[in-house]
Amino acid sequence: MQPFVYSRAEDAAAALRNGNASLPSAVESANQYLAGGTTLVDLMKLNVMRPRMVVDINALEKTAAQIELGAQGLRLGALARMSAVADSADIRKNFPVIAQSLELAASAQIRNMASLGGNVLQRTRCIYFRDTSYPNCNKRTPGSGCAALEGINRMHAVLGTSRDCIATYPGDFGQALIALDAQVEVQGQDGKRAFPFAQLHRQPGASPHIETTLKEGELITAFTIPALPFAKRSLYLKIRDRSSYEFALASAAVALDLEGDKVRDVRIALGGVATVPWRAADAEARLKGKGLDDQTLTEVANAAFAGATGHGHNDFKVELGKRTLTRALKQAAAMEIPT
Amino acid sequence: MNRAAPDPKQNMGKPEPRLEGRLKVTGEARYASDMPVNNPAFAFLITSPVAKGQITAIDLADAKAVPGVLDIFTHENTGDLKHLKYDPQGGGGSTSIQDFGPKIQHDGQIIGMVVADTYEAAREAAYKAKFEIATEKPSAGFHSEGVKEASPKKSEPKAGDAEKAFDDAAVKFEGWYGTPTQHHNPIELFTTTVAWNNDELTVYEPSQFMYGLKNSLASKVGVKPEKVRAISHFVGGAFGSKAQLTPRTGLVALAAKRLNRPVKLVATRDQGFTIATYRAETQHKIRIGAQRDGKITSFQHQGWELTSRPDAYAVGGVEDSARLYSFGAVKTDVKNVHADRNTPGFMRSPPVVPYIYALESAMDELAYQLKMDPVELRRVNDGMKDATGKEWSSRSLMQCYDEAAAAFGWSKRNAEPGSMRDGDWLIGWGCASAVYPTHMGPAAARVQFSADGQARVQIAAHEIGTGILTVVGQIAAERLGIPVENVRVEVGDSVLPPAPVAGGSTQTASCCSVVAKACDAINARLNANGGTPAPAPRETVGTGTGRNHEETFARLGVATLEEYAEQVPKEVKPNPVMGLVVDPMKKLYSGSSMLGGGSHAEKLMYALGAEFVEVRVHRLTREIRVPRIVGAFAAGRIMNTRTARSQYMGGMIWGISSALHEATEIDPRYARYTNDNLADYIIPVNADIQQLEVILVPEKDDLVNPVGVKGIGELANVGTAAAVANAVFHATGVRVRELPIRLEKLLTA
Ligand SMILES: Cc1cc2nc3c(=O)[nH]c(=O)nc-3n(C[C@H](O)[C@H](O)[C@H](O)COP(=O)(O)OP(=O)(O)OC[C@H]3O[C@@H](n4cnc5c(N)ncnc54)[C@H](O)[C@@H]3O)c2cc1C
Ligand code: SF4
């Protein structure tokens, strides 16, 4: 591991003084914020990330770890731990999809360490990205090629890919956020701003090393989720190789607003299959006003995966993703909603 | 009694708690890398990023500039190390690829090692060392260009005219099966610490063979064996990966000598995939001819096994698959396929895991073809003789089936695939046989017995987690007629009398036999001097009540009696090698463990079992879960029902793992392992294992060895993968013939 300077920021201003990343590529940036460290320290040990300066922001927990549910909706501090949010009774009742997306992620130990801010910025699990002995990874070394395209790519994405990168966005919580129209609050050198979570991540395109739209040194401070009464009927379905402690092969975050047998409104996001947290807007449009019969569900699932392309080992994810979505919608419709 | 400590049945010992249990749960147990040495320097390996090529230049300037770096070892300055003979049968070195360059023969080959004042400095310098490598295109596996097929020296059982019997058979079955590369991944990493004292050295390294480590390292560094002491009190899992000398050990010894300072190496998880051995991928072709009543008249089994370029390592499990049932005629064949890979090696139940998976899958397919219950198909082919006419020493396979089937509720099964459901979940039930040859090796031990009723047992056995400390303590307690608390057992040190390699499930049988012999010698001396005879063995496994020998000792005029014993099982023949008769005990002292038993003994000696599995497959998304597994096992005398159950339980879980999860992925373009970490090399987590039941079936077999013990450490993970695959077929109608069974293989249906 490369020697680095460790500094502890007592507040956001102090963090920002040291946190101005020097490059647009977050991977190569010489300065890194440290929250739970479960992504950062892991990648530092692998030499994938070699920061010179690590700025510990855990002291911000005092002001930026709150979980607040009000009439406007939900506000989650970026330093809130995954486990704390998953355990919140309010969230479990009003936004089950959020609680489940966190609870079904990683392990209990990691959830106790990891923050929400760090969680949405976790990096892909692409094996070639994580192993520096492979020279060809555009995300790690811009312009070097992509080893996964014709390599071992069972875990890779089928949606939002490019010729330069097919790495999956591995997180779960991001799907819940994007489905619920969440906003991100950030603080930077130029002050504070807020924007839709859907605009945080960038598809790889020709520059997979630029993963987000965050500006240099910007600090995520909170996520806000607008009130959505029908989110009581929401869930996160995660399909994976084993029962726990494993990333999704395919997942679906869904929320349903039912009127009798008809779908008045619906939210759909897909995980494990895309390069970024993935909102399936076309699929939502197709379901609105319809019933959850098999024919409609097939159309909805087809719409969700309309542009999907496999790369060999991961071809199955198209079919699996469709079935996961279908199952999630059926399960959501069958949910008993506590009043 | 509780679930973890079952009541002993006939011919079973008490569930004594592990003697070292407290040390382990309190963190007091010291594993090799925990052993304190004075002022150690820390090593970090540099491994090759390509599988085939030639190192053309090395630039260490940046690496050496890292503060704290003491030295860097590469092929350019390690020529002092001797070449260790490689033997595919085991012992000695784990591979003949022992050089650190310039030739690169597999991915992750060690090409250098940094030694520094701190681990962090060594690691950073390793990252900065630059190796220029002229890369060549490697051959990765079975289907790659440039691989070479050859016949390893393996016995290939044959009886009758299997081809003709197949042609004549009323019912014919042919099938192909495949198993993937797998790695042991013991939680304890591959570590080596070496400290020199003048011309003597002590090596602390987790080992399954203390005398192998001592003697092989002596040869590797060119010193006399008596100059080497190997210490490994506890091993945090090994499964075959720590039985032979890997190239790292000599390198660490050399570095410690050069630097005149103890050197400690803890290799990383990913390095562990390439610096030691693994279970190679296999392919199988099976042909079975049967009568309509299920009697198998012809069994043909061909196996292909991957290995490295230079080494003809093969497990050759036809030796066992050909014997499991009373087949009419048998024909077998084993081939090696040589590729640019590291040399594979022993991994828990090496021959039987892949070969019995193939056989037991085929048995299920045949049962469907015959419209016969798979348990009944096994019953029809059960018998006390194999196709060659050789008899079994004891065989309780159908007792295992009957007990496990009853506990599982097998009679309620509807055999029609896809017929059993619970809501959206398809339910499948499957079964298969488990089998493992009973091996024995020569062993020596020293026992001291004192007037105050305390005993001390010394044997360089290996506490790899199996419970050897405890069962050795129990046998001494039983023979000497004292409580087990009065016995102190010392293992894991090459200054103690040698035990055979902790491989082939030999330890309990071999160590207990020789310790019993030493105890009996002490009893004889006591009895000759008027002592009360020890209670008859067998009825009192580990339950001595205390004998008063004070008067006898007083008469003898000593406070302690000591006996040293050697035991060479009759199955280990002092076979002539190049005209010389070798003494198995001398061989053991010089670091080579000759094992006998299994199919090579006068009778067929095997432990057997039957496993029943329930799988659930989701109707839509097809993920596969195993909510229930029942296994019944018969293995001669059970020394301790607690440690036995633990072995069986671990085995069954491992079996589920190899059915559904475990596979080392290989990038065929580079012949490199890609999922070389515990996040991507998937094994079950707690949530995956729900109901697991172990049934100990009583069995008595006085032929196998003096203590009547059959090895059990490698029994329960055999057959499980087939039972799971058979259950998946029952649930879905999809027959998966390539492991692991992942959901995408069931999606098309
Ligand atoms: C074995 C394993 C299994 C896992 N399984 C899952 C899973 O199934 N599902 C899942 O969703 N996740 C999984 N994870 C990922 C885990 O959830 C993330 O590592 C974790 O959420 C990251 O949070 P952290 O606080 O530890 O981030 P850190 O590691 O501290 O930070 C991650 C990155 O974000 C930056 N950062 C952190 N906080 C901020 C902020 N407030 N503003 C700006 N930048 C910031 C850091 O500089 C760094 O680059 C797994 C991880 C591991 C190691
Ligand atoms: S998929 Fe992306 S992260 Fe993976 S190797 Fe290709 S460029 Fe790198």
# chains A, B, ... in the order shown; residues from 1 in each chain; ligands from 1
call {"tool": "interface_residues", "arguments": {"of": "chain B", "to": "chain A", "cutoff": "6 Å", "atoms": "only C-alpha atoms", "output": "NGL selection string"}}
result
:B and (49 or 124 or 620-621 or 687-688 or 744)
call {"tool": "residues_near_ligand", "arguments": {"ligand": "ligand 2", "cutoff": "9 Å", "atoms": "only C-alpha atoms and all ligand atoms", "output": "MDAnalysis selection string"}}
result
chainID A and resid 124:130 134 136:142 144:149 151 153 156:157 161 163:168 204 208:209
call {"tool": "residues_near_ligand", "arguments": {"ligand": "ligand 1", "cutoff": "6 Å", "atoms": "only C-alpha atoms and all ligand atoms", "output": "list of chain:residue names"}}
result
A:Gln32, A:Tyr33, A:Leu34, A:Ala35, A:Gly36, A:Gly37, A:Thr38, A:Thr39, A:Leu40, A:Ala78, A:Ala105, A:Ala106, A:Ala114, A:Ser115, A:Gly117, A:Gly118, A:Asn119, A:Leu121, A:Gln122, A:Gly171, A:Asp172, A:Phe173, A:Leu219, A:Ile220, A:Thr221, A:Tyr245, A:Glu246, A:Phe247, B:Ala679
call {"tool": "closest_residue", "arguments": {"among": "A:Arg123, A:Arg17, A:Arg111, A:Arg193", "to": "Val41 (chain A)", "atoms": "only C-alpha atoms"}}
result
A:Arg123
call {"tool": "residues_around", "arguments": {"residues": "Ala274 (chain A)", "least_positions_apart": "2", "cutoff": "7 Å", "atoms": "only C-alpha atoms", "output": "list in words"}}
result
Ala157, Val158, Leu159, Gly160, Thr168, Tyr169, Gly271, Gly272, Val276, Pro277 and Trp278 of chain A
call {"tool": "select_by_dssp", "arguments": {"residues": "region 213-263 of chain B", "states": "helix (DSSP H, G or I)", "output": "list in words"}}
result
Leu213, Lys214, Asn215, Ser216, Leu217, Ala218, Ser219, Lys220, Val221, Pro225, Glu226, Lys227, Pro247, Arg248, Thr249, Gly250, Leu251, Val252, Ala253, Leu254, Ala255, Ala256, Lys257, Arg258 and Leu259 of chain B
call {"tool": "select_by_dssp", "arguments": {"residues": "region 122-324 of chain A", "states": "strand (DSSP E or B)", "output": "ChimeraX atom specification"}}
result
/A:137,146,159,162,165,183-188,191-196,201,212,219-226,234-239,250-259,262-271,274,278-279,291
call {"tool": "atom_distance", "arguments": {"atom1": "CA of Ala387 (chain B)", "atom2": "CA of Gln302 (chain B)"}}
result
16.8 Å
call {"tool": "atom_distance", "arguments": {"atom1": "CA of Ala252 (chain A)", "atom2": "CA of Leu237 (chain A)"}}
result
5.3 Å
call {"tool": "residues_around", "arguments": {"residues": "region 379-386 of chain B", "least_positions_apart": "5", "cutoff": "12 Å", "atoms": "only C-alpha atoms", "output": "number ranges by chain"}}
result
B: 157-160, 290-299, 319-330, 363, 367, 372-374, 391-402, 433, 599, 603-606
